[in-house]
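Coordinates from model.tsv are shown below (TSV, C-alpha atoms).
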```tsv
chain	number	residue	atom	x	y	z
A	51	MET	CA	-23.54	-22.10	18.05
A	52	ILE	CA	-23.97	-18.66	16.51
A	53	VAL	CA	-27.48	-17.19	16.36
A	54	TYR	CA	-28.46	-14.03	14.47
A	55	TYR	CA	-30.82	-11.40	15.82
A	56	THR	CA	-32.26	-8.13	14.49
A	57	CYS	CA	-33.42	-5.06	16.37
A	58	ASP	CA	-36.59	-3.51	14.95
A	59	ASN	CA	-35.83	-0.22	16.68
A	60	CYS	CA	-32.43	0.59	15.10
A	61	HIS	CA	-32.56	-2.13	12.37
A	62	THR	CA	-29.22	-3.61	13.38
A	63	THR	CA	-28.50	-7.29	12.77
A	64	PHE	CA	-25.97	-8.92	15.08
A	65	GLU	CA	-24.69	-12.34	16.07
A	66	SER	CA	-24.64	-13.92	19.49
A	67	ALA	CA	-23.70	-17.18	21.16
A	68	GLU	CA	-26.84	-16.91	23.27
A	69	THR	CA	-29.75	-19.08	22.08
A	70	VAL	CA	-32.20	-17.04	24.14
A	71	ILE	CA	-33.29	-13.80	22.45
A	72	PRO	CA	-31.48	-10.90	24.20
A	73	SER	CA	-33.74	-8.55	26.12
A	74	THR	CA	-31.71	-5.50	25.08
A	75	CYS	CA	-30.23	-4.46	21.73
A	76	PRO	CA	-26.42	-4.10	22.00
A	77	ASN	CA	-26.51	-1.17	19.55
A	78	CYS	CA	-29.33	1.13	20.73
A	79	PHE	CA	-29.77	-0.47	24.19
A	80	ARG	CA	-33.55	-0.44	23.84
A	81	GLU	CA	-35.72	-3.23	25.24
A	82	LYS	CA	-39.18	-2.31	24.02
A	83	ARG	CA	-40.67	-0.36	21.15
A	84	PRO	CA	-44.19	0.77	20.21
A	85	HIS	CA	-45.93	-1.28	17.53
A	86	LYS	CA	-49.24	-0.56	15.84
A	87	VAL	CA	-51.71	-3.46	15.64
A	88	GLY	CA	-54.87	-2.38	13.87
A	89	SER	CA	-56.02	0.78	15.61
A	90	LYS	CA	-54.09	0.03	18.80
A	91	ILE	CA	-50.51	0.74	19.87
A	92	VAL	CA	-48.85	-2.05	21.80
A	93	VAL	CA	-45.36	-2.39	23.28
A	94	VAL	CA	-43.25	-5.26	21.95
A	95	PRO	CA	-39.61	-6.40	22.37
A	96	CYS	CA	-37.11	-4.69	20.09
A	97	VAL	CA	-34.99	-7.79	19.41
A	98	ARG	CA	-36.17	-10.81	17.43
A	99	ASN	CA	-34.64	-13.67	15.42
A	100	ALA	CA	-33.15	-12.44	12.12
A	101	THR	CA	-34.64	-13.53	8.81
A	102	GLU	CA	-32.60	-15.37	6.16
A	103	THR	CA	-32.36	-12.17	4.13
A	104	GLU	CA	-31.05	-10.24	7.13
A	105	ILE	CA	-28.53	-13.00	7.92
A	106	THR	CA	-27.23	-12.98	4.33
A	107	TRP	CA	-26.91	-9.18	4.39
A	108	PHE	CA	-25.05	-9.31	7.72
A	109	GLU	CA	-22.61	-11.97	6.50
A	110	ASN	CA	-21.92	-10.01	3.31
A	111	VAL	CA	-21.18	-6.85	5.31
A	112	GLN	CA	-18.86	-8.76	7.65
A	113	LYS	CA	-17.01	-10.25	4.68
A	114	GLN	CA	-16.62	-6.82	3.14
A	115	ILE	CA	-15.23	-5.46	6.41
A	116	ALA	CA	-12.80	-8.39	6.67
A	117	ASP	CA	-11.68	-7.91	3.05
A	118	GLU	CA	-11.10	-4.19	3.59
A	119	GLU	CA	-9.11	-4.91	6.75
A	120	ALA	CA	-7.00	-7.50	4.90
A	121	ILE	CA	-6.27	-4.96	2.16
A	122	ARG	CA	-5.40	-2.32	4.74
A	123	THR	CA	-3.04	-4.73	6.52
A	124	ALA	CA	-1.36	-5.74	3.25
A	125	ASN	CA	-0.89	-2.09	2.24
A	126	GLN	CA	0.65	-1.31	5.62
A	127	ALA	CA	3.05	-4.25	5.18
A	128	LEU	CA	4.08	-2.95	1.75
A	129	ALA	CA	4.64	0.54	3.12
A	130	GLU	CA	6.79	-0.85	5.92
A	131	LYS	CA	8.90	-2.86	3.46
A	132	ILE	CA	9.41	0.28	1.37
A	133	ARG	CA	10.51	2.21	4.45
A	134	MET	CA	12.94	-0.56	5.41
A	135	LEU	CA	14.50	-0.36	1.96
A	136	GLY	CA	15.04	3.36	2.34
A	137	GLU	CA	12.00	5.42	1.41
A	138	SER	CA	12.68	8.91	0.12
A	139	LYS	CA	12.48	11.56	2.83
A	140	LEU	CA	11.75	15.06	1.70
A	141	LYS	CA	13.70	17.83	3.37
A	142	LYS	CA	11.55	20.48	5.00
A	143	PRO	CA	12.45	23.32	2.59
A	144	TYR	CA	11.01	21.28	-0.30
A	145	ASP	CA	8.09	19.66	1.48
A	146	SER	CA	5.60	22.49	1.14
A	147	ASP	CA	2.93	23.14	-1.47
A	148	ASP	CA	3.19	26.88	-0.87
A	149	SER	CA	5.76	27.45	-3.62
A	150	ASP	CA	4.23	27.63	-7.11
A	151	ASP	CA	7.39	28.27	-9.12
A	152	CYS	CA	9.87	25.40	-9.42
A	153	ASP	CA	12.53	27.67	-10.89
A	154	GLU	CA	12.45	30.10	-8.01
A	155	GLU	CA	15.46	29.61	-5.78
A	156	THR	CA	14.60	28.39	-2.29
A	157	GLU	CA	15.99	30.66	0.38
A	158	ARG	CA	17.93	29.14	3.25
A	159	THR	CA	19.04	30.74	6.47
A	160	GLU	CA	22.47	30.21	7.98
A	161	GLU	CA	20.91	27.82	10.48
A	162	ASP	CA	19.52	25.71	7.61
A	163	GLU	CA	23.00	25.23	6.19
A	164	ILE	CA	24.52	24.05	9.47
A	165	GLY	CA	24.99	20.31	9.49
A	166	MET	CA	23.57	19.81	5.97
A	167	GLU	CA	26.83	18.25	4.81
A	168	ASP	CA	26.16	15.43	7.30
A	169	GLN	CA	22.74	14.60	5.85
A	170	GLU	CA	22.02	12.05	3.15
A	171	PRO	CA	22.06	13.82	-0.25
A	172	TYR	CA	18.70	15.19	-1.45
A	173	GLY	CA	16.71	13.58	1.33
A	174	TYR	CA	17.52	9.93	0.49
A	175	PRO	CA	18.25	7.88	3.61
A	176	ALA	CA	20.96	5.26	3.78
A	177	ASP	CA	20.21	2.10	1.78
A	178	PRO	CA	20.93	-0.99	3.92
A	179	TYR	CA	21.86	-2.98	0.80
A	180	ASN	CA	23.91	-0.27	-0.99
A	181	LEU	CA	21.95	-0.84	-4.20
A	182	SER	CA	22.43	1.06	-7.41
A	183	ILE	CA	19.56	3.39	-8.33
A	184	HIS	CA	18.09	0.91	-10.80
A	185	GLU	CA	18.52	-2.03	-8.41
A	186	HIS	CA	16.77	0.01	-5.72
A	187	ASN	CA	13.86	0.85	-8.01
A	188	PHE	CA	13.51	-2.74	-9.19
A	189	ALA	CA	13.59	-3.92	-5.58
A	190	LEU	CA	10.63	-1.62	-4.89
A	191	MET	CA	8.74	-3.06	-7.86
A	192	LEU	CA	9.51	-6.56	-6.62
A	193	LEU	CA	7.96	-5.70	-3.24
A	194	TYR	CA	4.83	-4.53	-5.05
A	195	TYR	CA	4.86	-7.67	-7.23
A	196	ILE	CA	4.76	-9.92	-4.16
A	197	HIS	CA	2.18	-7.64	-2.55
A	198	GLU	CA	-0.10	-8.24	-5.55
A	199	LEU	CA	0.57	-11.92	-6.32
A	200	HIS	CA	1.26	-13.27	-2.81
A	201	SER	CA	2.34	-16.94	-3.01
A	202	TYR	CA	2.72	-16.77	-6.80
A	203	GLY	CA	5.08	-13.84	-6.35
A	204	PHE	CA	7.19	-15.82	-3.88
A	205	ARG	CA	7.28	-18.72	-6.29
A	206	ASP	CA	8.64	-16.41	-9.00
A	207	LEU	CA	11.08	-14.87	-6.52
A	208	GLU	CA	12.45	-18.35	-5.82
A	209	LYS	CA	12.93	-18.89	-9.57
A	210	MET	CA	14.74	-15.55	-9.85
A	211	ILE	CA	17.16	-16.63	-7.12
A	212	MET	CA	17.68	-20.22	-8.22
A	213	THR	CA	17.82	-20.06	-12.02
A	214	THR	CA	21.15	-19.70	-13.78
A	215	ASP	CA	19.45	-19.14	-17.15
A	216	ILE	CA	19.87	-15.43	-17.91
A	217	ASP	CA	17.00	-15.36	-20.41
A	218	GLU	CA	14.61	-16.98	-17.91
A	219	LYS	CA	15.69	-14.52	-15.22
A	220	MET	CA	15.18	-11.58	-17.59
A	221	GLU	CA	11.69	-12.84	-18.46
A	222	LEU	CA	10.81	-13.03	-14.75
A	223	TYR	CA	12.12	-9.49	-14.24
A	224	GLN	CA	10.06	-8.26	-17.19
A	225	ASN	CA	6.95	-9.80	-15.61
A	226	VAL	CA	7.62	-7.72	-12.50
A	227	LYS	CA	7.67	-4.58	-14.63
A	228	LYS	CA	4.45	-5.60	-16.43
A	229	VAL	CA	2.52	-6.21	-13.21
A	230	PHE	CA	3.80	-2.93	-11.78
A	231	ASN	CA	2.82	-0.95	-14.88
A	232	ARG	CA	-0.62	-2.57	-14.83
A	233	GLY	CA	-1.03	-1.46	-11.21
A	234	ILE	CA	-0.01	2.10	-12.12
A	235	ASN	CA	-2.56	2.13	-14.96
A	236	THR	CA	-5.34	1.00	-12.63
A	237	GLU	CA	-4.52	3.46	-9.86
A	238	GLU	CA	-3.93	6.47	-12.10
A	239	ARG	CA	-7.50	6.23	-13.42
A	240	GLY	CA	-8.78	7.22	-9.99
A	241	ASN	CA	-5.93	9.41	-8.75
A	242	GLU	CA	-4.78	12.88	-9.65
A	243	LYS	CA	-1.06	12.93	-10.35
A	244	PRO	CA	0.69	15.26	-7.88
A	245	PHE	CA	2.86	18.07	-9.20
A	246	ARG	CA	5.37	17.35	-6.49
A	247	ILE	CA	5.68	14.69	-3.82
A	248	THR	CA	4.93	15.71	-0.25
A	249	ARG	CA	4.83	13.63	2.90
A	250	GLU	CA	1.04	13.66	2.73
A	251	VAL	CA	1.12	12.37	-0.86
A	252	LEU	CA	3.52	9.57	0.09
A	253	GLU	CA	1.47	8.50	3.10
A	254	ASN	CA	-1.89	8.50	1.29
A	255	ALA	CA	-0.82	7.12	-2.08
A	256	THR	CA	-2.29	3.84	-3.33
A	257	PRO	CA	0.17	0.89	-3.36
A	258	ALA	CA	1.58	1.07	-6.91
A	259	LEU	CA	1.83	4.86	-6.86
A	260	LYS	CA	3.39	4.84	-3.39
A	261	THR	CA	5.99	2.44	-4.75
A	262	LEU	CA	6.63	4.63	-7.80
A	263	TYR	CA	6.86	7.81	-5.69
A	264	SER	CA	9.54	6.09	-3.58
A	265	PHE	CA	11.78	5.54	-6.62
A	266	ARG	CA	15.17	7.21	-6.73
A	267	GLN	CA	16.26	9.19	-9.75
A	268	ASP	CA	19.65	9.96	-11.22
A	269	ASN	CA	18.87	13.66	-11.01
A	270	ALA	CA	17.62	13.43	-7.43
A	271	PHE	CA	17.84	17.16	-6.74
A	272	LYS	CA	15.49	17.96	-9.61
A	273	ALA	CA	13.19	15.12	-8.54
A	274	LEU	CA	12.68	16.64	-5.11
A	275	LEU	CA	12.30	20.20	-6.37
A	276	CYS	CA	10.12	20.00	-9.45
A	277	ASP	CA	9.60	16.47	-10.69
A	278	THR	CA	8.12	13.19	-9.54
A	279	PRO	CA	9.31	9.69	-10.43
A	280	ASN	CA	7.43	8.48	-13.50
A	281	ARG	CA	7.15	5.64	-16.01
A	282	GLY	CA	10.51	6.65	-17.43
A	283	ASN	CA	12.14	5.34	-14.25
A	284	VAL	CA	10.60	1.93	-14.87
A	285	LYS	CA	11.50	1.91	-18.55
A	286	ARG	CA	15.14	2.81	-17.88
A	287	ILE	CA	15.73	-0.24	-15.66
A	288	ASP	CA	17.99	-2.60	-17.62
A	289	VAL	CA	16.84	-6.12	-16.70
A	290	ARG	CA	19.76	-7.68	-18.57
A	291	GLN	CA	22.20	-5.75	-16.42
A	292	LEU	CA	20.33	-6.88	-13.30
A	293	ALA	CA	20.32	-10.49	-14.47
A	294	GLU	CA	23.94	-10.66	-15.60
A	295	ASN	CA	25.71	-8.39	-13.10
A	296	PRO	CA	23.73	-8.06	-9.87
A	297	SER	CA	25.52	-6.48	-6.96
A	298	GLU	CA	26.16	-8.41	-3.77
A	299	GLY	CA	23.61	-6.22	-2.01
A	300	PHE	CA	20.93	-6.90	-4.64
A	301	THR	CA	21.44	-10.66	-4.32
A	302	ARG	CA	21.32	-10.39	-0.54
A	303	PHE	CA	18.11	-8.33	-0.68
A	304	MET	CA	16.33	-10.94	-2.82
A	305	THR	CA	17.54	-13.80	-0.62
A	306	GLU	CA	16.51	-12.08	2.61
A	307	LEU	CA	13.15	-11.15	1.10
A	308	TYR	CA	12.51	-14.78	0.20
A	309	ASN	CA	13.71	-16.11	3.58
A	310	GLY	CA	11.51	-13.56	5.34
A	311	GLY	CA	8.41	-15.53	4.42
A	312	GLU	CA	5.06	-14.36	3.10
A	313	TRP	CA	3.68	-11.03	4.29
```
The structure given in the file should be rewritten as structure tokens.
Amino acid sequence: MIVYYTCDNCHTTFESAETVIPSTCPNCFREKRPHKVGSKIVVVPCVRNATETEITWFENVQKQIADEEAIRTANQALAEKIRMLGESKLKKPYDSDDSDDCDEETERTEEDEIGMEDQEPYGYPADPYNLSIHEHNFALMLLYYIHELHSYGFRDLEKMIMTTDIDEKMELYQNVKKVFNRGINTEERGNEKPFRITREVLENATPALKTLYSFRQDNAFKALLCDTPNRGNVKRIDVRQLAENPSEGFTRFMTELYNGGEW
């Protein structure tokens, strides 16, 4: 049985399995407090049974905390999925906000050039599914789609995998783009668009924008130097091409995503 108590010293409401009123507040650790009765000051216990109003307030706060934690956990899961797909990694020369002029050539020392031919081009890590640029970007949107719709998203993912009707598959793909664009609209109202993407921007971005900032572009070098992925990347994705001629890697990604269960 859970019982609710309130401390009149620090005004904290808390729950306890003890049916006997605690002698000490677990928050301020006080036992007694002064209390004025008429013209006299008396010493009374700090902790008492909580009122209905205090219990309701406490439960609402706990629900809010639980909701915020659930959102935080879901956002972390989305970020991890994006990283597994091959999140863009900015090279150090282009990861600073110190440079104000995009057209100014970035100086490199001889040491910087050593071994650069062995790195992934323009800071993009290896893609485990070997997706085309547009398949990669759609895969990111699909991760966001499931992040937002949960079980409904998995239901649509199953339809995408199972249906042989190209028009139905295209309609499902278009829904992914609509939900993603709606998320961008919502988040952009409260976020300042960055001039260039930095590691800090990627880590702190809200879910839809983090997904968009992880897009790959045809002109990747320009993207890392001066530009950020934008709505044009979403618009350029040809859903008919994805529906009619998916690569083996794209099909494998969708199947593994579905078999991975809800997250």
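The space separating atom CA of Arg232 of chain A from atom CA of Arg286 of chain A comes to 16.9 Å.
One finds atom CA of Ile115 of chain A at 24.7 Å from atom CA of Pro72 of chain A.
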Proximity check segment 284-309 of chain A to segment 208-219 of chain A, 9 Å, nearest pairs one decimal Å, only C-alpha atoms, as JSON lines:
```
{"residue": "A:Val289", "atom": "CA", "partner": "A:Lys219", "partner_atom": "CA", "distance": 8.6}
{"residue": "A:Arg290", "atom": "CA", "partner": "A:Ile216", "partner_atom": "CA", "distance": 7.8}
{"residue": "A:Ala293", "atom": "CA", "partner": "A:Ile216", "partner_atom": "CA", "distance": 6.0}
{"residue": "A:Glu294", "atom": "CA", "partner": "A:Ile216", "partner_atom": "CA", "distance": 6.7}
{"residue": "A:Thr301", "atom": "CA", "partner": "A:Ile211", "partner_atom": "CA", "distance": 7.9}
{"residue": "A:Met304", "atom": "CA", "partner": "A:Ile211", "partner_atom": "CA", "distance": 7.2}
{"residue": "A:Thr305", "atom": "CA", "partner": "A:Ile211", "partner_atom": "CA", "distance": 7.1}
{"residue": "A:Tyr308", "atom": "CA", "partner": "A:Glu208", "partner_atom": "CA", "distance": 7.0}
```
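Distance-wise, atom CA of Val94 of chain A and atom CA of Thr106 of chain A end up 25.0 Å apart.
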Write out as JSON lines the residues of segment 202-275 of chain A that have any atom within 7 Å of an atom of segment 185-194 of chain A, one row each with the nearest atom pair and its distance in Å to one decimal, counting all atoms listed in the file, sorted by chain and then rising number.
```
{"residue": "A:Val226", "atom": "CA", "partner": "A:Leu192", "partner_atom": "CA", "distance": 6.3}
{"residue": "A:Phe230", "atom": "CA", "partner": "A:Met191", "partner_atom": "CA", "distance": 6.3}
{"residue": "A:Ala258", "atom": "CA", "partner": "A:Tyr194", "partner_atom": "CA", "distance": 6.7}
{"residue": "A:Thr261", "atom": "CA", "partner": "A:Leu190", "partner_atom": "CA", "distance": 6.2}
{"residue": "A:Phe265", "atom": "CA", "partner": "A:Asn187", "partner_atom": "CA", "distance": 5.3}
{"residue": "A:Arg266", "atom": "CA", "partner": "A:Asn187", "partner_atom": "CA", "distance": 6.6}
```
**OP:** Would you mind listing what lies within 10 Å of Cys96 of chain A as a ChimeraX atom specification, with only C-alpha atoms counted and same-chain residues fewer than 6 positions away left out?
**Re:** /A:56-61,72-75,78-85
**OP:** Scan for residues within 8 Å of the point (2.6, -3.7, -2.0) in the coordinates of the file, using only C-alpha atoms, and reply as a PyMOL selection string.
**Re:** chain A and resi 124-125+127-129+193-198+257-258+261
Subject >> Closest of A:Thr236, A:Phe303, A:Asn231, A:Leu252 to Lys285 of chain A - atom-to-atom distances counting only C-alpha atoms >> reply: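 Answer, going by the shortest atom-to-atom distance: A:Asn231.
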Subject >> Contact residues around segment 241-250 of chain A with all atoms listed in the file at 6 Å, ignoring same-chain residues under 2 positions, as a list of chain:residue names >> reply: A:Asp145, A:Glu238, A:Arg239, A:Leu252, A:Glu253, A:Thr278
Using all atoms listed in the file, which protein or nucleic acid residues come within 10 Å of Ala100 of chain A? Drop anything in the same chain fewer than 3 positions from it, and give the result as an mmCIF file with C-alpha atoms, in the frame of the given file.
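Output saved as out20.cif:
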```
data_model
loop_
_atom_site.group_PDB
_atom_site.id
_atom_site.type_symbol
_atom_site.label_atom_id
_atom_site.label_comp_id
_atom_site.auth_asym_id
_atom_site.auth_seq_id
_atom_site.Cartn_x
_atom_site.Cartn_y
_atom_site.Cartn_z
ATOM 1 C CA VAL A 53 -27.480 -17.190 16.360
ATOM 2 C CA TYR A 54 -28.460 -14.030 14.470
ATOM 3 C CA TYR A 55 -30.820 -11.400 15.820
ATOM 4 C CA THR A 56 -32.260 -8.130 14.490
ATOM 5 C CA CYS A 57 -33.420 -5.060 16.370
ATOM 6 C CA ASP A 58 -36.590 -3.510 14.950
ATOM 7 C CA THR A 62 -29.220 -3.610 13.380
ATOM 8 C CA THR A 63 -28.500 -7.290 12.770
ATOM 9 C CA PHE A 64 -25.970 -8.920 15.080
ATOM 10 C CA GLU A 65 -24.690 -12.340 16.070
ATOM 11 C CA VAL A 97 -34.990 -7.790 19.410
ATOM 12 C CA THR A 103 -32.360 -12.170 4.130
ATOM 13 C CA GLU A 104 -31.050 -10.240 7.130
ATOM 14 C CA ILE A 105 -28.530 -13.000 7.920
ATOM 15 C CA THR A 106 -27.230 -12.980 4.330
ATOM 16 C CA PHE A 108 -25.050 -9.310 7.720
#
```
